[in-house]
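Dropping upload.pdb in here (PDB, C-alpha atoms, pLDDT in the B column):
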ATOM      1  CA  MET A   1     175.273  22.385 -12.445  1.00 41.00           C
ATOM      2  CA  LYS A   2     178.661  22.787 -10.725  1.00 43.00           C
ATOM      3  CA  LEU A   3     176.966  22.402  -7.338  1.00 35.00           C
ATOM      4  CA  ILE A   4     175.441  19.082  -8.410  1.00 39.00           C
ATOM      5  CA  ALA A   5     178.853  17.854  -9.611  1.00 39.00           C
ATOM      6  CA  ILE A   6     180.454  18.875  -6.303  1.00 37.00           C
ATOM      7  CA  LEU A   7     177.719  17.186  -4.260  1.00 35.00           C
ATOM      8  CA  ALA A   8     177.936  14.037  -6.388  1.00 39.00           C
ATOM      9  CA  SER A   9     181.725  13.947  -5.915  1.00 41.00           C
ATOM     10  CA  ALA A  10     181.313  14.426  -2.173  1.00 40.00           C
ATOM     11  CA  ALA A  11     178.863  11.531  -2.049  1.00 42.00           C
ATOM     12  CA  PHE A  12     181.643   9.240  -3.310  1.00 40.00           C
ATOM     13  CA  VAL A  13     184.636  10.800  -1.530  1.00 41.00           C
ATOM     14  CA  LEU A  14     183.228  11.246   1.995  1.00 40.00           C
ATOM     15  CA  PRO A  15     182.412   7.563   2.589  1.00 43.00           C
ATOM     16  CA  ALA A  16     185.931   6.650   1.469  1.00 43.00           C
ATOM     17  CA  LEU A  17     187.379   9.064   4.030  1.00 41.00           C
ATOM     18  CA  GLY A  18     185.338   7.421   6.752  1.00 44.00           C
ATOM     19  CA  GLN A  19     186.590   3.942   5.954  1.00 43.00           C
ATOM     20  CA  ASN A  20     188.938   2.282   8.385  1.00 45.00           C
ATOM     21  CA  THR A  21     192.460   2.795   7.032  1.00 55.00           C
ATOM     22  CA  ARG A  22     194.081   0.678   9.746  1.00 78.00           C
ATOM     23  CA  ARG A  23     196.823  -1.639   8.696  1.00 87.00           C
ATOM     24  CA  ALA A  24     199.184  -3.984  10.444  1.00 93.00           C
ATOM     25  CA  GLU A  25     202.634  -2.617  11.200  1.00 94.00           C
ATOM     26  CA  VAL A  26     205.608  -4.937  11.234  1.00 95.00           C
ATOM     27  CA  PHE A  27     208.866  -3.924  12.869  1.00 95.00           C
ATOM     28  CA  PRO A  28     211.380  -6.382  11.338  1.00 95.00           C
ATOM     29  CA  GLY A  29     213.789  -8.076  13.736  1.00 93.00           C
ATOM     30  CA  LYS A  30     216.843  -6.926  11.766  1.00 96.00           C
ATOM     31  CA  ASP A  31     215.664  -3.298  12.059  1.00 94.00           C
ATOM     32  CA  ILE A  32     215.051  -3.721  15.801  1.00 94.00           C
ATOM     33  CA  SER A  33     218.537  -5.202  16.236  1.00 94.00           C
ATOM     34  CA  ALA A  34     220.104  -2.348  14.270  1.00 96.00           C
ATOM     35  CA  GLN A  35     218.253   0.283  16.327  1.00 96.00           C
ATOM     36  CA  ILE A  36     219.221  -1.408  19.603  1.00 96.00           C
ATOM     37  CA  SER A  37     222.875  -1.447  18.468  1.00 95.00           C
ATOM     38  CA  LYS A  38     222.700   2.301  17.783  1.00 95.00           C
ATOM     39  CA  LEU A  39     221.045   2.912  21.168  1.00 96.00           C
ATOM     40  CA  GLU A  40     223.766   0.866  22.876  1.00 94.00           C
ATOM     41  CA  GLU A  41     226.379   3.182  21.361  1.00 93.00           C
ATOM     42  CA  THR A  42     224.564   6.421  22.225  1.00 91.00           C
ATOM     43  CA  SER A  43     223.781   5.206  25.757  1.00 93.00           C
ATOM     44  CA  ARG A  44     227.473   4.830  26.647  1.00 91.00           C
ATOM     45  CA  SER A  45     227.650   8.389  28.019  1.00 90.00           C
ATOM     46  CA  SER A  46     224.102   8.871  29.329  1.00 92.00           C
ATOM     47  CA  GLY A  47     223.478   5.373  30.740  1.00 94.00           C
ATOM     48  CA  SER A  48     220.244   4.900  28.821  1.00 95.00           C
ATOM     49  CA  GLY A  49     218.590   5.423  25.474  1.00 96.00           C
ATOM     50  CA  GLY A  50     215.231   4.906  23.869  1.00 96.00           C
ATOM     51  CA  ALA A  51     213.337   5.135  20.608  1.00 96.00           C
ATOM     52  CA  THR A  52     209.641   5.117  19.758  1.00 96.00           C
ATOM     53  CA  LEU A  53     208.594   2.633  17.094  1.00 96.00           C
ATOM     54  CA  GLY A  54     204.924   3.632  17.121  1.00 95.00           C
ATOM     55  CA  ASP A  55     202.652   5.835  19.215  1.00 95.00           C
ATOM     56  CA  TYR A  56     198.957   5.024  19.077  1.00 93.00           C
ATOM     57  CA  LYS A  57     195.927   6.204  21.053  1.00 90.00           C
ATOM     58  CA  SER A  58     195.750   3.208  23.368  1.00 95.00           C
ATOM     59  CA  HIS A  59     199.432   2.278  23.559  1.00 96.00           C
ATOM     60  CA  SER A  60     202.944   2.922  22.330  1.00 96.00           C
ATOM     61  CA  VAL A  61     205.738   0.601  21.262  1.00 97.00           C
ATOM     62  CA  GLY A  62     209.360   1.498  21.846  1.00 97.00           C
ATOM     63  CA  LEU A  63     212.879   0.338  22.482  1.00 98.00           C
ATOM     64  CA  SER A  64     214.863   0.825  25.670  1.00 97.00           C
ATOM     65  CA  VAL A  65     218.550   0.291  26.372  1.00 98.00           C
ATOM     66  CA  ARG A  66     220.070   0.740  29.823  1.00 97.00           C
ATOM     67  CA  ARG A  67     223.698   0.658  30.877  1.00 96.00           C
ATOM     68  CA  ALA A  68     223.021   2.159  34.300  1.00 96.00           C
ATOM     69  CA  THR A  69     220.382   1.866  36.998  1.00 96.00           C
ATOM     70  CA  GLY A  70     217.511   4.264  36.462  1.00 93.00           C
ATOM     71  CA  ASN A  71     215.195   6.025  38.883  1.00 96.00           C
ATOM     72  CA  ALA A  72     212.407   4.307  40.727  1.00 98.00           C
ATOM     73  CA  GLU A  73     209.107   5.175  39.057  1.00 97.00           C
ATOM     74  CA  VAL A  74     205.350   4.777  39.191  1.00 97.00           C
ATOM     75  CA  HIS A  75     203.214   5.285  36.088  1.00 95.00           C
ATOM     76  CA  ALA A  76     199.793   6.580  37.027  1.00 94.00           C
ATOM     77  CA  HIS A  77     198.072   6.002  33.703  1.00 93.00           C
ATOM     78  CA  PHE A  78     199.701   3.113  31.883  1.00 94.00           C
ATOM     79  CA  ASP A  79     201.010  -0.427  32.246  1.00 97.00           C
ATOM     80  CA  ASP A  80     204.519  -1.352  31.096  1.00 97.00           C
ATOM     81  CA  ILE A  81     205.157  -4.575  29.214  1.00 98.00           C
ATOM     82  CA  PHE A  82     208.810  -5.447  28.552  1.00 96.00           C
ATOM     83  CA  PHE A  83     209.962  -8.026  26.029  1.00 98.00           C
ATOM     84  CA  VAL A  84     213.585  -8.428  27.108  1.00 98.00           C
ATOM     85  CA  THR A  85     215.833  -8.638  24.044  1.00 96.00           C
ATOM     86  CA  GLY A  86     219.255  -8.673  25.678  1.00 96.00           C
ATOM     87  CA  GLY A  87     221.219  -8.657  28.902  1.00 97.00           C
ATOM     88  CA  THR A  88     219.986  -9.023  32.452  1.00 97.00           C
ATOM     89  CA  ALA A  89     218.669  -6.715  35.163  1.00 98.00           C
ATOM     90  CA  THR A  90     217.157  -6.897  38.603  1.00 98.00           C
ATOM     91  CA  LEU A  91     213.571  -5.671  38.665  1.00 98.00           C
ATOM     92  CA  ILE A  92     212.450  -4.290  41.996  1.00 98.00           C
ATOM     93  CA  SER A  93     208.683  -3.818  42.225  1.00 98.00           C
ATOM     94  CA  GLY A  94     206.170  -2.953  44.903  1.00 98.00           C
ATOM     95  CA  GLY A  95     207.287  -1.267  48.099  1.00 97.00           C
ATOM     96  CA  THR A  96     207.651   2.493  48.438  1.00 97.00           C
ATOM     97  CA  VAL A  97     209.431   5.028  46.233  1.00 98.00           C
ATOM     98  CA  VAL A  98     212.044   6.918  48.287  1.00 97.00           C
ATOM     99  CA  ASP A  99     212.390  10.696  47.663  1.00 97.00           C
ATOM    100  CA  ALA A 100     209.239  10.554  45.515  1.00 96.00           C
ATOM    101  CA  GLN A 101     208.406  13.509  43.290  1.00 96.00           C
ATOM    102  CA  THR A 102     205.173  13.464  41.282  1.00 95.00           C
ATOM    103  CA  GLY A 103     205.001  15.507  38.084  1.00 92.00           C
ATOM    104  CA  ALA A 104     202.007  17.245  36.539  1.00 84.00           C
ATOM    105  CA  ASP A 105     201.465  14.183  34.303  1.00 85.00           C
ATOM    106  CA  GLY A 106     200.947  11.970  37.365  1.00 85.00           C
ATOM    107  CA  GLU A 107     204.290  10.212  36.898  1.00 92.00           C
ATOM    108  CA  THR A 108     206.252   9.643  40.105  1.00 97.00           C
ATOM    109  CA  ARG A 109     210.030   9.292  40.217  1.00 97.00           C
ATOM    110  CA  GLY A 110     212.408   8.738  43.103  1.00 97.00           C
ATOM    111  CA  SER A 111     215.898   7.609  44.041  1.00 97.00           C
ATOM    112  CA  ARG A 112     215.109   3.984  44.895  1.00 97.00           C
ATOM    113  CA  ILE A 113     212.484   1.534  46.159  1.00 98.00           C
ATOM    114  CA  GLN A 114     212.254   0.488  49.770  1.00 98.00           C
ATOM    115  CA  ASP A 115     210.733  -2.871  50.779  1.00 98.00           C
ATOM    116  CA  GLY A 116     210.135  -4.028  47.200  1.00 98.00           C
ATOM    117  CA  THR A 117     210.449  -7.508  45.724  1.00 98.00           C
ATOM    118  CA  SER A 118     213.549  -8.291  43.613  1.00 98.00           C
ATOM    119  CA  GLN A 119     213.486 -10.546  40.552  1.00 98.00           C
ATOM    120  CA  LYS A 120     216.193 -11.261  37.982  1.00 98.00           C
ATOM    121  CA  ILE A 121     215.033 -10.732  34.409  1.00 98.00           C
ATOM    122  CA  ALA A 122     216.892 -11.793  31.277  1.00 97.00           C
ATOM    123  CA  ARG A 123     216.646 -12.175  27.504  1.00 97.00           C
ATOM    124  CA  ASP A 124     213.365 -13.751  26.327  1.00 97.00           C
ATOM    125  CA  ASP A 125     211.520 -12.834  29.572  1.00 98.00           C
ATOM    126  CA  VAL A 126     208.243 -10.925  29.349  1.00 98.00           C
ATOM    127  CA  VAL A 127     207.447  -8.525  32.190  1.00 98.00           C
ATOM    128  CA  HIS A 128     204.099  -6.869  32.983  1.00 98.00           C
ATOM    129  CA  ILE A 129     204.034  -3.922  35.411  1.00 98.00           C
ATOM    130  CA  PRO A 130     200.501  -2.646  36.148  1.00 97.00           C
ATOM    131  CA  ALA A 131     199.797   1.085  36.406  1.00 96.00           C
ATOM    132  CA  GLY A 132     200.366   2.347  39.945  1.00 96.00           C
ATOM    133  CA  THR A 133     203.107  -0.207  40.711  1.00 98.00           C
ATOM    134  CA  PRO A 134     206.454   1.174  41.926  1.00 98.00           C
ATOM    135  CA  HIS A 135     209.326  -0.326  39.917  1.00 98.00           C
ATOM    136  CA  GLN A 136     213.014   0.117  39.190  1.00 98.00           C
ATOM    137  CA  LEU A 137     215.564  -1.661  37.013  1.00 98.00           C
ATOM    138  CA  ILE A 138     218.955  -2.270  38.623  1.00 98.00           C
ATOM    139  CA  ILE A 139     221.727  -2.731  36.056  1.00 97.00           C
ATOM    140  CA  SER A 140     225.026  -4.311  37.119  1.00 96.00           C
ATOM    141  CA  PRO A 141     228.165  -2.267  36.382  1.00 95.00           C
ATOM    142  CA  GLY A 142     229.399  -2.969  32.847  1.00 93.00           C
ATOM    143  CA  ALA A 143     226.156  -4.679  31.813  1.00 95.00           C
ATOM    144  CA  THR A 144     223.712  -3.663  29.082  1.00 96.00           C
ATOM    145  CA  PHE A 145     219.970  -4.373  29.220  1.00 98.00           C
ATOM    146  CA  SER A 146     217.614  -3.960  26.251  1.00 97.00           C
ATOM    147  CA  ALA A 147     213.895  -4.454  25.717  1.00 98.00           C
ATOM    148  CA  VAL A 148     210.961  -3.761  23.471  1.00 97.00           C
ATOM    149  CA  VAL A 149     208.595  -1.796  25.712  1.00 97.00           C
ATOM    150  CA  VAL A 150     204.839  -1.540  25.211  1.00 98.00           C
ATOM    151  CA  LYS A 151     203.102   1.144  27.245  1.00 96.00           C
ATOM    152  CA  VAL A 152     199.368   0.453  27.494  1.00 97.00           C
ATOM    153  CA  LYS A 153     197.237   3.446  28.492  1.00 94.00           C
ATOM    154  CA  GLU A 154     194.307   3.040  30.882  1.00 81.00           C
TER     155      GLU A 154
END
Would you mind giving the structure from this file in structure tokens?
Amino acid sequence: MKLIAILASAAFVLPALGQNTRRAEVFPGKDISAQISKLEETSRSSGSGGATLGDYKSHSVGLSVRRATGNAEVHAHFDDIFFVTGGTATLISGGTVVDAQTGADGETRGSRIQDGTSQKIARDDVVHIPAGTPHQLIISPGATFSAVVVKVKE
């Protein structure tokens, strides 16, 4: 009799477990602003800071703050999409990564980009950088750049 009760319970519980439990996630603007302010403070010594808002199978959503120019980089397996929330930067893309070192994860980093294309980016701009594209953000001395960054996996 206990076995029948267990099987009957399983017949109701298992389909519920298989249901799609997806839900929309909202990251309120005031929370984003507060997190960016904190990152601006912590990035004073290191030159950059970041936080992950959500990490999903196909993509991740995060915040990035830069006070200094970062390395040149090439992402082998994901696109970058920036929603610029503050400041300005010069985006250099294309060309060749100088002093390139590729890690086990397929990510390449280097000191700079040679023969790339420069574009100014500023608040409210949206930037798409396809996987495999060399890119680097140049930050002017004393400036702060911030963005919501979506990394879309291949």
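CA of Gly132 (chain A) to CA of His77 (chain A) spans 7.6 Å [interatomic distance, one decimal].
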Please list as a ChimeraX atom specification every residue within 8 Å of region 126-130 of chain A, counting only C-alpha atoms and excluding residues in the same chain fewer than 3 positions away.
/A:78-84,133,135
Hey, what comes out of the PyMOL selection byres ((chain A and resi 39) around 8) on this file? Could you write it as a list in words?
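For this structure, the PyMOL selection byres ((chain A and resi 39) around 8) captures Gln35, Ile36, Ser37, Lys38, Glu40, Glu41, Thr42, Ser43, Ser48, Gly49, Gly50, Ser64 and Val65 of chain A.
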Kindly assemble as JSON lines a list of the region 45-80 of chain A residues that lie within 8 Å of region 138-147 of chain A, each paired with its nearest atom pair and their distance in Å to one decimal, using all atoms listed in the file, sorted first by chain and then by ascending residue number.
{"residue": "A:Leu63", "atom": "CA", "partner": "A:Ala147", "partner_atom": "CA", "distance": 5.9}
{"residue": "A:Ser64", "atom": "CA", "partner": "A:Ala147", "partner_atom": "CA", "distance": 5.4}
{"residue": "A:Val65", "atom": "CA", "partner": "A:Ser146", "partner_atom": "CA", "distance": 4.4}
{"residue": "A:Arg66", "atom": "CA", "partner": "A:Phe145", "partner_atom": "CA", "distance": 5.1}
{"residue": "A:Arg67", "atom": "CA", "partner": "A:Thr144", "partner_atom": "CA", "distance": 4.7}
{"residue": "A:Ala68", "atom": "CA", "partner": "A:Ile139", "partner_atom": "CA", "distance": 5.4}
{"residue": "A:Thr69", "atom": "CA", "partner": "A:Ile138", "partner_atom": "CA", "distance": 4.7}
{"residue": "A:Gly70", "atom": "CA", "partner": "A:Ile138", "partner_atom": "CA", "distance": 7.0}
Go ahead and dump the residues you just picked, C-alpha atoms, as a CSV table (one decimal), keeping the file's coordinate frame.
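Full text of again-v7.csv as output:
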chain,number,residue,atom,x,y,z
A,63,LEU,CA,212.9,0.3,22.5
A,64,SER,CA,214.9,0.8,25.7
A,65,VAL,CA,218.6,0.3,26.4
A,66,ARG,CA,220.1,0.7,29.8
A,67,ARG,CA,223.7,0.7,30.9
A,68,ALA,CA,223.0,2.2,34.3
A,69,THR,CA,220.4,1.9,37.0
A,70,GLY,CA,217.5,4.3,36.5
I'd like to know which of A:Asp99, A:Asp55, A:Ala89, A:Val149 is closest to Ser118 (chain A), using only C-alpha atoms.
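Smallest separation from Ser118 (chain A) among the options: A:Ala89.
The coordinates place CA of Thr117 (chain A) at 9.8 Å from CA of Thr90 (chain A).
Residue nearest Leu53 (chain A), chosen from A:Ala122, A:Ser111, A:Val152, A:Phe27 and counting only C-alpha atoms: A:Phe27.
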Please measure the separation of CA of Ser93 (chain A) and CA of Ser33 (chain A), giving the value in Å to one decimal.
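For CA of Ser93 (chain A) relative to CA of Ser33 (chain A), the distance reads 27.8 Å.
Nearest to Ala104 (chain A) of all the residues A:Lys151, A:His59, A:Asn71, A:Ala76 is A:Ala76, based on all atoms listed in the file.
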